[in-house]
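Here's final.cif, which has mmCIF, C-alpha atoms:
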data_my_file
loop_
_atom_site.label_atom_id
_atom_site.label_comp_id
_atom_site.auth_asym_id
_atom_site.auth_seq_id
_atom_site.Cartn_x
_atom_site.Cartn_y
_atom_site.Cartn_z
CA MET U 1 0.00 0.00 0.00
CA VAL U 2 1.40 3.36 -0.98
CA THR U 3 0.90 6.29 1.36
CA PRO U 4 0.05 9.59 -0.35
CA ASP U 5 3.31 11.39 -0.89
CA LEU U 6 4.49 14.08 1.47
CA VAL U 7 4.59 17.40 -0.23
CA SER U 8 6.87 19.42 1.99
CA GLU U 9 9.06 19.46 5.03
CA GLU U 10 6.10 20.98 6.79
CA ASP U 11 4.41 17.63 6.49
CA ILE U 12 7.43 15.97 8.04
CA ALA U 13 7.26 18.41 10.92
CA LYS U 14 3.72 17.25 11.61
CA LEU U 15 4.91 13.68 11.74
CA ILE U 16 7.84 13.93 14.07
CA ILE U 17 5.72 14.54 17.15
CA PRO U 18 2.92 12.02 16.75
CA ASP U 19 -0.11 12.65 18.89
CA ASP U 20 -1.95 9.47 18.04
CA LEU U 21 0.39 6.78 19.32
CA PRO U 22 -0.95 4.09 21.63
CA ASP U 23 -0.81 5.06 25.27
CA GLU U 24 2.42 3.31 26.21
CA GLY U 25 3.20 5.69 29.02
CA PRO U 26 5.66 8.54 28.81
CA THR U 27 9.33 8.12 28.01
CA PHE U 28 10.30 10.19 30.97
CA LYS U 29 8.81 10.66 34.40
CA ALA U 30 9.83 13.17 37.01
CA TYR U 31 8.73 13.55 40.61
CA ILE U 32 9.19 15.96 43.43
CA GLU U 33 9.08 14.70 46.99
CA ALA U 34 9.38 16.41 50.33
CA LYS U 35 9.78 14.94 53.79
CA VAL U 36 9.31 17.33 56.68
CA TYR U 37 10.56 16.68 60.22
CA ASP U 38 9.81 18.55 63.41
CA LYS U 39 12.47 19.78 65.80
CA GLU U 40 12.61 16.38 67.45
CA GLY U 41 13.24 14.64 64.20
CA HIS U 42 9.82 13.10 63.78
CA LEU U 43 8.47 12.83 60.27
CA ILE U 44 5.42 15.08 60.19
CA GLN U 45 4.68 15.44 56.48
CA TYR U 46 5.35 13.51 53.32
CA HIS U 47 4.50 15.16 50.02
CA ARG U 48 4.88 13.79 46.52
CA GLN U 49 3.81 15.20 43.19
CA PRO U 50 4.71 14.86 39.52
CA MET U 51 7.13 17.37 38.10
CA ARG U 52 5.44 19.16 35.26
CA SER U 53 7.61 21.91 33.96
CA LEU U 54 10.96 21.48 32.28
CA THR U 55 12.43 24.52 30.59
CA GLN U 56 14.05 24.75 27.16
CA TYR U 57 17.38 24.93 28.97
CA PHE U 58 16.89 21.42 30.30
CA LEU U 59 16.23 20.24 26.77
CA ALA U 60 19.40 21.92 25.50
CA LEU U 61 21.50 20.55 28.37
CA MET U 62 20.31 17.00 27.88
CA ALA U 63 21.07 17.40 24.17
CA ILE U 64 24.80 17.60 24.86
CA PRO U 65 25.28 13.86 25.52
CA ILE U 66 23.38 13.17 22.29
CA ILE U 67 24.63 15.77 19.82
CA GLY U 68 27.95 16.61 21.45
CA THR U 69 29.42 20.09 21.55
CA TYR U 70 31.03 20.26 18.08
CA GLN U 71 28.99 20.66 14.90
CA ASN U 72 31.04 17.87 13.35
CA ALA U 73 34.44 16.24 13.54
CA SER U 74 36.15 18.56 11.11
CA THR U 75 35.19 21.97 12.46
CA SER U 76 35.82 23.70 15.77
CA GLN U 77 32.42 25.32 15.99
CA ALA U 78 29.87 24.59 18.67
CA GLN U 79 26.47 23.16 17.88
CA ASP U 80 24.16 26.03 16.95
CA LEU U 81 21.54 24.71 19.32
CA LEU U 82 23.87 25.23 22.28
CA VAL U 83 24.85 28.69 21.11
CA ASN U 84 21.29 29.80 20.35
CA VAL U 85 19.54 28.37 23.40
CA LEU U 86 22.18 28.37 26.13
CA GLY U 87 24.18 31.35 24.92
CA LEU U 88 27.43 29.38 24.92
CA PRO U 89 30.27 30.69 22.75
CA SER U 90 30.57 29.23 19.28
CA GLN U 91 34.23 28.78 20.05
CA GLN U 92 36.51 29.26 23.02
CA SER U 93 39.22 31.53 21.73
CA VAL U 94 41.09 32.86 24.76
CA ASN U 95 43.85 30.32 24.49
CA THR U 96 44.52 28.40 21.31
CA GLU U 97 47.28 26.20 22.65
CA TYR U 98 45.14 24.05 24.83
CA THR U 99 41.77 22.45 24.51
CA ALA U 100 38.65 23.77 26.21
CA ASN U 101 36.32 21.61 28.23
CA ILE U 102 32.73 21.69 29.46
CA VAL U 103 31.09 20.41 32.65
CA TRP U 104 27.90 21.30 34.48
CA ASN U 105 26.41 21.18 37.92
CA TRP U 106 22.91 21.25 39.35
CA ALA U 107 21.33 22.72 42.48
CA ILE U 108 17.88 22.71 44.04
CA GLN U 109 16.45 26.14 44.78
CA LEU U 110 13.41 26.65 47.02
CA GLY U 111 11.13 29.63 47.04
CA SER U 112 8.14 31.21 48.70
CA GLY U 113 6.40 32.71 45.68
CA THR U 114 4.55 31.52 42.62
CA GLN U 115 4.65 32.46 38.95
CA THR U 116 3.38 31.25 35.63
CA PHE U 117 5.65 28.76 33.96
CA SER U 118 7.45 29.64 30.77
CA LEU U 119 10.07 27.74 28.81
CA THR U 120 12.56 30.56 29.31
CA LEU U 121 12.03 31.07 33.02
CA ASN U 122 15.34 31.78 34.67
CA SER U 123 14.63 32.18 38.37
CA LEU U 124 12.11 31.45 41.07
CA ALA U 125 9.55 34.10 41.95
CA ALA U 126 10.84 34.52 45.50
CA PRO U 127 13.93 32.43 46.23
CA ILE U 128 14.42 31.46 49.87
CA LEU U 129 17.90 32.53 50.88
CA ASN U 130 20.45 30.25 52.46
CA GLY U 131 20.86 31.43 56.04
CA THR U 132 19.55 31.51 59.55
CA GLY U 133 17.64 34.77 59.39
CA ALA U 134 13.89 35.19 59.37
CA GLY U 135 12.32 33.43 56.40
CA GLN U 136 15.58 31.74 55.48
CA LEU U 137 16.61 28.09 55.38
CA SER U 138 20.06 26.58 55.82
CA TYR U 139 20.81 24.63 52.65
CA GLY U 140 22.80 21.44 53.06
CA SER U 141 24.93 19.93 50.36
CA LEU U 142 23.29 18.40 47.32
CA GLY U 143 23.01 14.65 47.06
CA VAL U 144 23.08 13.10 43.60
CA SER U 145 22.79 9.44 42.80
CA TYR U 146 21.46 7.27 40.03
CA GLY U 147 19.97 3.84 39.70
CA GLY U 148 19.42 2.43 36.26
CA SER U 149 18.05 5.23 34.13
CA SER U 150 16.82 7.32 37.07
CA ILE U 151 18.73 10.23 38.57
CA TYR U 152 17.98 11.36 42.14
CA ILE U 153 18.80 14.86 43.36
CA SER U 154 18.16 15.65 47.02
CA LEU U 155 18.63 18.60 49.29
CA GLN U 156 18.34 18.81 53.06
CA VAL U 157 17.38 22.16 54.56
CA THR U 158 17.05 23.17 58.19
CA ASN U 159 15.06 25.96 59.70
CA ALA U 160 17.12 27.60 62.41
CA THR U 161 14.52 30.24 63.16
CA SER U 162 11.69 30.33 65.66
CA SER U 163 9.05 30.60 62.94
CA ALA U 164 7.90 28.18 60.27
CA VAL U 165 9.11 28.76 56.71
CA SER U 166 6.68 27.99 53.93
CA VAL U 167 7.99 26.58 50.65
CA THR U 168 5.70 27.03 47.66
CA GLU U 169 8.00 26.64 44.65
CA ILE U 170 10.99 24.55 43.67
CA GLY U 171 13.43 24.71 40.79
CA LEU U 172 16.37 22.73 39.51
CA GLN U 173 19.15 25.10 38.58
CA GLY U 174 22.00 24.31 36.24
CA THR U 175 25.41 25.91 35.84
CA ILE U 176 27.63 25.19 32.87
CA TYR U 177 31.38 25.72 33.13
CA ILE U 178 33.50 26.29 30.04
CA ILE U 179 37.02 25.64 31.29
CA TYR U 180 40.13 26.85 29.52
CA PHE U 181 43.75 27.57 30.17
CA SER U 182 44.58 31.25 30.41
CA GLY U 183 48.01 32.58 31.19
CA SER U 184 49.49 30.12 33.63
CA SER U 185 46.32 28.80 35.19
CA CYS U 186 42.88 27.48 34.43
CA THR U 187 39.88 29.70 34.41
CA ASN U 188 36.27 29.21 33.50
CA THR U 189 33.22 31.01 32.32
CA THR U 190 29.87 30.09 33.82
CA TYR U 191 26.36 30.09 32.40
CA SER U 192 23.40 29.56 34.71
CA PHE U 193 19.89 28.38 33.88
CA LEU U 194 16.69 27.19 35.44
CA LEU U 195 16.16 23.63 34.26
CA SER U 196 12.76 23.05 35.84
CA TYR U 197 10.17 25.01 37.74
CA ASP U 198 7.23 23.76 39.76
CA THR U 199 4.91 25.08 42.38
CA PHE U 200 3.80 22.75 45.13
CA SER U 201 0.19 21.64 44.99
CA THR U 202 0.10 22.48 48.71
CA PRO U 203 2.75 24.56 50.49
CA ILE U 204 5.45 22.72 52.40
CA SER U 205 5.82 24.21 55.87
CA VAL U 206 9.16 23.66 57.55
CA PRO U 207 8.52 24.16 61.27
CA ALA U 208 10.66 26.17 63.60
CA TYR U 209 13.91 24.32 64.27
CA GLY U 210 12.73 21.56 61.99
CA MET U 211 14.11 20.30 58.74
CA ALA U 212 13.03 18.98 55.37
CA VAL U 213 14.45 16.87 52.58
CA PHE U 214 13.45 17.71 49.02
CA GLN U 215 14.09 15.26 46.27
CA ILE U 216 13.75 15.50 42.51
CA THR U 217 13.67 12.25 40.58
CA LEU U 218 14.33 12.25 36.85
CA SER U 219 13.44 8.86 35.46
CA PHE U 220 14.21 8.05 31.84
CA ALA U 221 12.70 4.58 32.20
CA GLY U 222 10.21 4.48 29.38
CA MET V 1 17.62 20.30 67.28
CA MET V 2 17.13 16.76 68.53
CA ILE V 3 17.23 14.11 65.90
CA ASP V 4 15.84 10.72 66.66
CA LYS V 5 17.11 7.51 65.16
CA GLY V 6 14.72 7.46 62.25
CA ILE V 7 15.97 10.67 60.74
CA GLU V 8 19.36 9.20 59.96
CA ASP V 9 17.72 7.45 57.06
CA ILE V 10 16.92 10.16 54.56
CA ASP V 11 16.97 7.87 51.57
CA ILE V 12 13.68 8.82 49.98
CA ARG V 13 13.77 6.83 46.76
CA MET V 14 10.69 7.03 44.64
CA PRO V 15 7.99 4.79 46.14
CA ASN V 16 6.87 2.05 43.81
CA ASP V 17 3.30 3.27 43.75
CA ALA V 18 4.49 6.58 42.32
CA TYR V 19 5.21 4.82 39.04
CA ASP V 20 1.53 4.48 38.25
CA THR V 21 1.68 5.81 34.71
CA GLY V 22 -2.02 6.51 34.68
CA LYS V 23 -1.42 9.37 37.07
CA ASP V 24 1.66 10.78 35.40
CA VAL V 25 1.98 14.06 33.67
CA SER V 26 4.68 13.61 31.12
CA THR V 27 7.31 16.30 31.07
CA PHE V 28 9.55 14.78 28.45
CA ASN V 29 9.06 12.50 25.50
CA ALA V 30 11.16 11.19 22.67
CA TYR V 31 9.82 9.95 19.35
CA LEU V 32 11.31 7.88 16.59
CA VAL V 33 9.85 8.40 13.11
CA ALA V 34 11.06 6.71 9.93
CA VAL V 35 9.93 7.83 6.48
CA VAL V 36 10.55 5.23 3.78
CA ARG V 37 10.63 6.20 0.12
CA ASP V 38 10.75 4.07 -3.01
CA TYR V 39 13.14 4.48 -5.91
CA GLU V 40 11.05 7.35 -7.28
CA GLY V 41 11.07 9.20 -3.99
CA ARG V 42 7.46 8.46 -3.15
CA VAL V 43 6.68 7.86 0.51
CA ILE V 44 5.64 4.25 0.93
CA LYS V 45 5.72 3.94 4.70
CA VAL V 46 5.80 6.14 7.77
CA HIS V 47 6.83 4.35 10.94
CA ARG V 48 6.17 6.11 14.25
CA GLN V 49 6.87 5.04 17.79
CA ARG V 50 7.94 6.40 21.12
CA SER V 51 11.66 6.29 21.70
CA HIS V 52 12.33 4.84 25.10
CA SER V 53 15.89 4.08 25.65
CA PRO V 54 18.77 6.19 26.84
CA THR V 55 21.78 4.03 27.59
CA ALA V 56 23.96 3.99 30.68
CA ASN V 57 26.47 6.09 28.74
CA PHE V 58 23.84 8.81 28.35
CA ILE V 59 23.13 8.86 32.09
CA GLY V 60 26.83 9.08 32.88
CA LEU V 61 27.29 12.00 30.53
CA LEU V 62 24.25 13.81 31.91
CA LEU V 63 25.15 13.47 35.61
CA PRO V 64 26.16 16.77 37.21
CA LEU V 65 29.48 17.56 38.84
CA GLN V 66 28.02 17.04 42.28
CA TYR V 67 27.64 13.35 41.59
CA TYR V 68 31.33 13.11 40.80
CA MET V 69 32.26 15.26 43.80
CA ASN V 70 30.34 12.87 46.05
CA ASN V 71 31.58 9.67 44.41
CA SER V 72 35.30 9.24 44.00
CA SER V 73 34.87 6.16 41.84
CA GLY V 74 33.50 8.18 38.92
CA PHE V 75 31.53 6.66 36.08
CA THR V 76 32.76 4.02 33.68
CA PHE V 77 31.88 4.52 30.03
CA LYS V 78 32.04 1.82 27.42
CA ASN V 79 32.52 2.79 23.80
CA ALA V 80 31.27 0.95 20.73
CA SER V 81 34.52 -1.00 20.54
CA GLY V 82 34.02 -2.29 24.05
CA SER V 83 36.79 -0.21 25.61
CA THR V 84 36.08 1.40 28.97
CA ARG V 85 37.13 4.64 30.55
CA THR V 86 36.45 6.03 34.00
CA TYR V 87 35.15 9.61 33.99
CA GLN V 88 35.78 11.87 36.99
CA PRO V 89 35.39 15.51 35.94
CA ALA V 90 36.03 18.60 38.03
CA VAL V 91 36.37 22.32 37.48
CA GLY V 92 40.12 22.37 37.12
CA CYS V 93 43.08 22.11 34.80
CA ALA V 94 44.25 18.58 35.24
CA THR V 95 41.06 16.54 35.14
CA PRO V 96 39.75 15.36 31.78
CA GLU V 97 36.30 16.60 30.86
CA ILE V 98 34.23 16.60 27.70
CA THR V 99 35.81 18.83 25.09
CA TYR V 100 34.38 22.13 23.90
CA PRO V 101 35.30 23.78 20.57
CA ASN V 102 38.51 25.77 20.68
CA ASN V 103 39.99 27.66 17.77
CA GLY V 104 43.37 26.08 18.16
CA ARG V 105 42.64 22.50 19.10
CA ASN V 106 40.22 20.05 17.65
CA PHE V 107 39.29 17.09 19.79
CA PRO V 108 35.65 16.80 18.86
CA THR V 109 32.80 15.62 20.96
CA THR V 110 30.13 15.39 18.30
CA LEU V 111 27.22 13.43 16.95
CA THR V 112 28.71 10.75 14.73
CA MET V 113 25.57 9.20 13.31
CA ILE V 114 22.27 7.56 13.73
CA GLN V 115 23.15 3.94 13.21
CA VAL V 116 20.71 1.29 12.00
CA GLY V 117 20.92 -2.44 12.48
CA SER V 118 19.24 -5.73 11.76
CA GLY V 119 19.37 -7.26 15.23
CA SER V 120 17.90 -6.54 18.63
CA GLN V 121 18.83 -6.71 22.29
CA SER V 122 16.58 -6.89 25.28
CA ASN V 123 18.32 -4.50 27.66
CA PRO V 124 18.87 -1.18 25.91
CA PHE V 125 20.23 0.46 29.05
CA THR V 126 23.37 -1.67 29.08
CA ALA V 127 23.81 -1.64 25.31
CA TYR V 128 27.03 -0.08 24.03
CA VAL V 129 26.78 -1.22 20.42
CA LEU V 130 23.98 -2.29 18.11
CA ALA V 131 23.37 -6.02 18.01
CA ALA V 132 23.92 -6.24 14.23
CA PRO V 133 24.95 -2.89 12.74
CA ILE V 134 24.22 -2.43 9.04
CA ALA V 135 27.41 -1.35 7.30
CA ASN V 136 27.75 1.83 5.28
CA GLY V 137 28.01 0.81 1.64
CA SER V 138 26.27 -0.50 -1.43
CA GLY V 139 26.97 -4.18 -0.97
CA ALA V 140 24.32 -6.77 -0.19
CA GLY V 141 22.51 -5.92 3.03
CA GLN V 142 24.18 -2.53 3.30
CA LEU V 143 22.89 1.05 3.29
CA ILE V 144 24.61 4.27 2.27
CA TYR V 145 24.71 6.53 5.31
CA GLY V 146 23.99 10.23 4.82
CA GLN V 147 25.20 12.92 7.18
CA PRO V 148 23.28 13.46 10.42
CA SER V 149 21.44 16.74 10.83
CA VAL V 150 20.75 18.55 14.12
CA SER V 151 18.22 21.31 14.74
CA SER V 152 19.98 24.64 14.98
CA ASN V 153 17.52 25.81 17.58
CA ILE V 154 14.72 24.60 19.78
CA THR V 155 11.27 24.90 18.29
CA VAL V 156 8.75 26.31 20.75
CA SER V 157 5.04 25.69 20.60
CA GLY V 158 3.13 27.03 23.59
CA SER V 159 4.70 25.57 26.70
CA SER V 160 6.29 22.70 24.82
CA ALA V 161 9.58 22.69 22.94
CA TYR V 162 11.52 20.20 20.86
CA PHE V 163 14.61 19.57 18.79
CA THR V 164 15.24 16.91 16.18
CA ILE V 165 18.14 14.97 14.79
CA SER V 166 17.74 13.12 11.50
CA GLN V 167 19.68 11.12 8.95
CA THR V 168 18.89 9.56 5.57
CA PHE V 169 20.02 6.13 4.42
CA ASN V 170 19.92 5.08 0.77
CA ASN V 171 19.63 1.53 -0.41
CA ASN V 172 21.76 0.76 -3.46
CA SER V 173 22.36 -2.82 -2.43
CA GLY V 174 20.35 -4.50 -5.16
CA GLY V 175 17.83 -5.94 -2.72
CA THR V 176 15.54 -5.01 0.12
CA VAL V 177 17.25 -4.14 3.42
CA THR V 178 15.34 -4.50 6.68
CA ILE V 179 16.18 -2.56 9.83
CA THR V 180 15.04 -3.58 13.30
CA GLU V 181 17.16 -1.45 15.65
CA VAL V 182 18.36 2.15 15.75
CA GLY V 183 20.97 3.86 17.89
CA ILE V 184 22.62 7.24 18.32
CA LEU V 185 26.41 7.29 18.43
CA THR V 186 28.37 10.27 19.74
CA ASN V 187 32.11 10.63 19.31
CA THR V 188 33.36 11.58 22.76
CA SER V 189 36.67 13.20 23.59
CA PHE V 190 37.87 13.61 27.16
CA TYR V 191 40.75 15.99 27.53
CA SER V 192 42.46 17.75 30.40
CA THR V 193 42.67 21.45 29.84
CA ASN V 194 46.37 22.03 30.28
CA LEU V 195 48.15 18.73 30.50
CA GLY V 196 47.45 17.49 27.05
CA GLY V 197 46.14 14.31 28.61
CA GLY V 198 43.16 12.28 27.67
CA SER V 199 42.10 11.15 24.28
CA ASN V 200 39.45 10.75 21.69
CA PHE V 201 37.43 7.95 23.26
CA GLY V 202 35.61 7.17 20.02
CA ASN V 203 31.97 6.43 19.42
CA VAL V 204 29.71 6.01 22.42
CA LEU V 205 26.18 4.63 22.10
CA VAL V 206 23.94 7.05 23.99
CA TRP V 207 20.48 6.05 22.77
CA TYR V 208 19.12 2.73 21.54
CA ASP V 209 15.72 1.54 20.38
CA VAL V 210 14.43 -1.68 18.98
CA LEU V 211 11.78 -0.86 16.40
CA SER V 212 8.24 -1.85 17.28
CA SER V 213 8.05 -3.43 13.80
CA PRO V 214 10.75 -4.02 11.18
CA ILE V 215 11.19 -1.47 8.41
CA SER V 216 12.01 -2.64 4.90
CA ILE V 217 13.78 -0.29 2.50
CA PRO V 218 13.37 -1.33 -1.12
CA ASN V 219 16.28 -1.35 -3.51
CA GLY V 220 16.79 2.16 -4.87
CA GLY V 221 14.78 3.60 -2.02
CA SER V 222 15.70 5.39 1.18
CA VAL V 223 14.71 5.82 4.78
CA THR V 224 15.02 8.98 6.84
CA ILE V 225 15.13 8.51 10.61
CA TYR V 226 13.94 11.35 12.84
CA PHE V 227 14.54 11.45 16.59
CA THR V 228 12.54 14.18 18.30
CA PHE V 229 13.11 15.13 21.93
CA THR V 230 10.46 17.30 23.51
CA VAL V 231 9.63 18.80 26.90
CA ASN V 232 6.11 19.42 28.15
CA PRO V 233 4.52 17.68 25.13
#
Now, as a test, write the supplied structure out as structure tokens.
Amino acid sequence: MVTPDLVSEEDIAKLIIPDDLPDEGPTFKAYIEAKVYDKEGHLIQYHRQPMRSLTQYFLALMAIPIIGTYQNASTSQAQDLLVNVLGLPSQQSVNTEYTANIVWNWAIQLGSGTQTFSLTLNSLAAPILNGTGAGQLSYGSLGVSYGGSSIYISLQVTNATSSAVSVTEIGLQGTIYIIYFSGSSCTNTTYSFLLSYDTFSTPISVPAYGMAVFQITLSFAG
Amino acid sequence: MMIDKGIEDIDIRMPNDAYDTGKDVSTFNAYLVAVVRDYEGRVIKVHRQRSHSPTANFIGLLLPLQYYMNNSSGFTFKNASGSTRTYQPAVGCATPEITYPNNGRNFPTTLTMIQVGSGSQSNPFTAYVLAAPIANGSGAGQLIYGQPSVSSNITVSGSSAYFTISQTFNNNSGGTVTITEVGILTNTSFYSTNLGGGSNFGNVLVWYDVLSSPISIPNGGSVTIYFTFTVNP
């Protein structure tokens, strides 16, 4: 049986994101979890919800393992997608004697505001500062692990104040480092992005002198 | 703050009941579309399926620095030749990381190709090579590989966005060629910034799918494979 011919690339574009495939379940699932403990260490709240909102920066970052950083093997130009979306340089040109490298890191940011999601969102509405002052939380170090095709990112925060701190939004932040040799030492240029943004379906209240653990799970198990 | 015994265990892995796909809101999807044409360029088949399968290599490349800061053992990659290399990046001069274009040095980390094959394997996550890669050529059972193409930007539609990579394969073999598996291979170079250490690690399989049904490409015809990666579809 011969399918009617496609007349243009526009037709191809309509094909590449099919909306009529059988419901096999999504390729990728992401969750946000929060465990809240009182000042005596008792678990007092457990919250779990799907993550809904990845930004275009996440898409560009996860493209790097797939498309690489070079356009091809014979040119020293960066992939246009990385330049256009992430604002990375098309070429590191400070020092031509040595190669340049790229790495990235992630962080969980909590906030007390809300805002409408957009693909180009770059910060939380009202980030909660790291500290022991009123309305602040002490951020612990980030935990990252993986199991199979799932990546787990967790953050422990403590509330050192005498009042509860309410968390209403959460974001995964990314920082890209372009590392190069300059003069007699290494230096780097950083580029920061918001990779995901979600508001909690119900606010997470961290009680006075209590603590909470927030976890983001990125599961590529399709 | 007093901490009782229970709080020492803050391992909050995803509970099994959270995997109920009926309650999920998908934030990311990948699709695999193949357009088959006959010798006159007419479309004779359009194959569409979800693409499910990043490999372990993909996960290792995606992990952030913090993982490597917390785990001194690093991550072991396996390239398509079966060679392994432990990756332990840092923000510094002496540690090998993935290369980035420089106007004086060229150690590319780049998309090599979409590769097609005639075999299959049951555990895509651990795959590092296709089960039966179809060679590039015009001999029996072979296909002529075109150059891969990558979107130059992300296409935005409402709150969703996507990019695509694609590649065309021509069949001049004299007979029908059937493909059953598809993978994405990225040439990966790890290089330390100032020491001149590291190397081109070669092709690494980062994505692998077994087709939901075989695709036959007639003699004189072609197939174009499209991978589309999208957020908030």
Residue IDs satisfying the PyMOL selection byres ((chain V and resi 222-225) around 9), as a PyMOL selection string:
chain V and resi 32-39+41+114+143+165-172+182+215-221+226-227
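Here the question is which of U:Leu137, U:Val144, U:Leu172, U:Val94 gets nearest to chain V using all atoms listed in the file, and that residue is U:Val144.
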Using the chain letters and numbers from this file, what does the PyMOL selection byres ((chain U and resi 103-112) around 8) select? Give the answer as number ranges by chain.
U: 101-102, 113-114, 124-128, 142, 153-155, 166-178; V: 64-66, 89-91, 97-98
Take the selection from the previous step and output its residues with C-alpha atoms, as an mmCIF file, in the frame of the given file.
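Output file out06.cif is given in full below:
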data_model
loop_
_atom_site.group_PDB
_atom_site.id
_atom_site.type_symbol
_atom_site.label_atom_id
_atom_site.label_comp_id
_atom_site.auth_asym_id
_atom_site.auth_seq_id
_atom_site.Cartn_x
_atom_site.Cartn_y
_atom_site.Cartn_z
ATOM 1 C CA ASN U 101 36.320 21.610 28.230
ATOM 2 C CA ILE U 102 32.730 21.690 29.460
ATOM 3 C CA GLY U 113 6.400 32.710 45.680
ATOM 4 C CA THR U 114 4.550 31.520 42.620
ATOM 5 C CA LEU U 124 12.110 31.450 41.070
ATOM 6 C CA ALA U 125 9.550 34.100 41.950
ATOM 7 C CA ALA U 126 10.840 34.520 45.500
ATOM 8 C CA PRO U 127 13.930 32.430 46.230
ATOM 9 C CA ILE U 128 14.420 31.460 49.870
ATOM 10 C CA LEU U 142 23.290 18.400 47.320
ATOM 11 C CA ILE U 153 18.800 14.860 43.360
ATOM 12 C CA SER U 154 18.160 15.650 47.020
ATOM 13 C CA LEU U 155 18.630 18.600 49.290
ATOM 14 C CA SER U 166 6.680 27.990 53.930
ATOM 15 C CA VAL U 167 7.990 26.580 50.650
ATOM 16 C CA THR U 168 5.700 27.030 47.660
ATOM 17 C CA GLU U 169 8.000 26.640 44.650
ATOM 18 C CA ILE U 170 10.990 24.550 43.670
ATOM 19 C CA GLY U 171 13.430 24.710 40.790
ATOM 20 C CA LEU U 172 16.370 22.730 39.510
ATOM 21 C CA GLN U 173 19.150 25.100 38.580
ATOM 22 C CA GLY U 174 22.000 24.310 36.240
ATOM 23 C CA THR U 175 25.410 25.910 35.840
ATOM 24 C CA ILE U 176 27.630 25.190 32.870
ATOM 25 C CA TYR U 177 31.380 25.720 33.130
ATOM 26 C CA ILE U 178 33.500 26.290 30.040
ATOM 27 C CA PRO V 64 26.160 16.770 37.210
ATOM 28 C CA LEU V 65 29.480 17.560 38.840
ATOM 29 C CA GLN V 66 28.020 17.040 42.280
ATOM 30 C CA PRO V 89 35.390 15.510 35.940
ATOM 31 C CA ALA V 90 36.030 18.600 38.030
ATOM 32 C CA VAL V 91 36.370 22.320 37.480
ATOM 33 C CA GLU V 97 36.300 16.600 30.860
ATOM 34 C CA ILE V 98 34.230 16.600 27.700
#
Just how far from atom CA of V:Ser120 is atom CA of V:Thr178, in Å to one decimal?
12.4 Å
Which of these, V:Ala132, V:Ala56, V:Ile144, V:Val177, has the shortest distance to V:Asn79 once you count all atoms listed in the file?
V:Ala56
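Across U:Gln56, U:Asn159, U:Asn95, U:Ser182, the tightest approach to U:Leu82 is made by U:Gln56 when counting only C-alpha atoms.
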Using all atoms listed in the file, which residue out of V:Thr164, V:Asn70, V:Asn187, V:Thr110 lies closest to chain U?
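Closest to chain U of all the choices is V:Thr110.
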Quick one: of U:Pro203, U:Gly131, U:Gly87, U:Gly148, who's nearest to chain V, counting only C-alpha atoms?
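Nearest candidate to chain V out of U:Pro203, U:Gly131, U:Gly87, U:Gly148: U:Gly148.
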For the atom pair atom CA of U:Ala208 and atom CA of U:Gly140, what is the interatomic distance in Å to one decimal place?
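So the answer is 16.8 Å.
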Taking the file as shown, find all residues satisfying the PyMOL selection byres ((chain V and resi 128) around 8) and write them as a list in words.
Thr55, Asn57, Lys78, Asn79, Ala80, Gly82, Thr126, Ala127, Val129, Leu130, Val204, Leu205 and Val206 of chain V
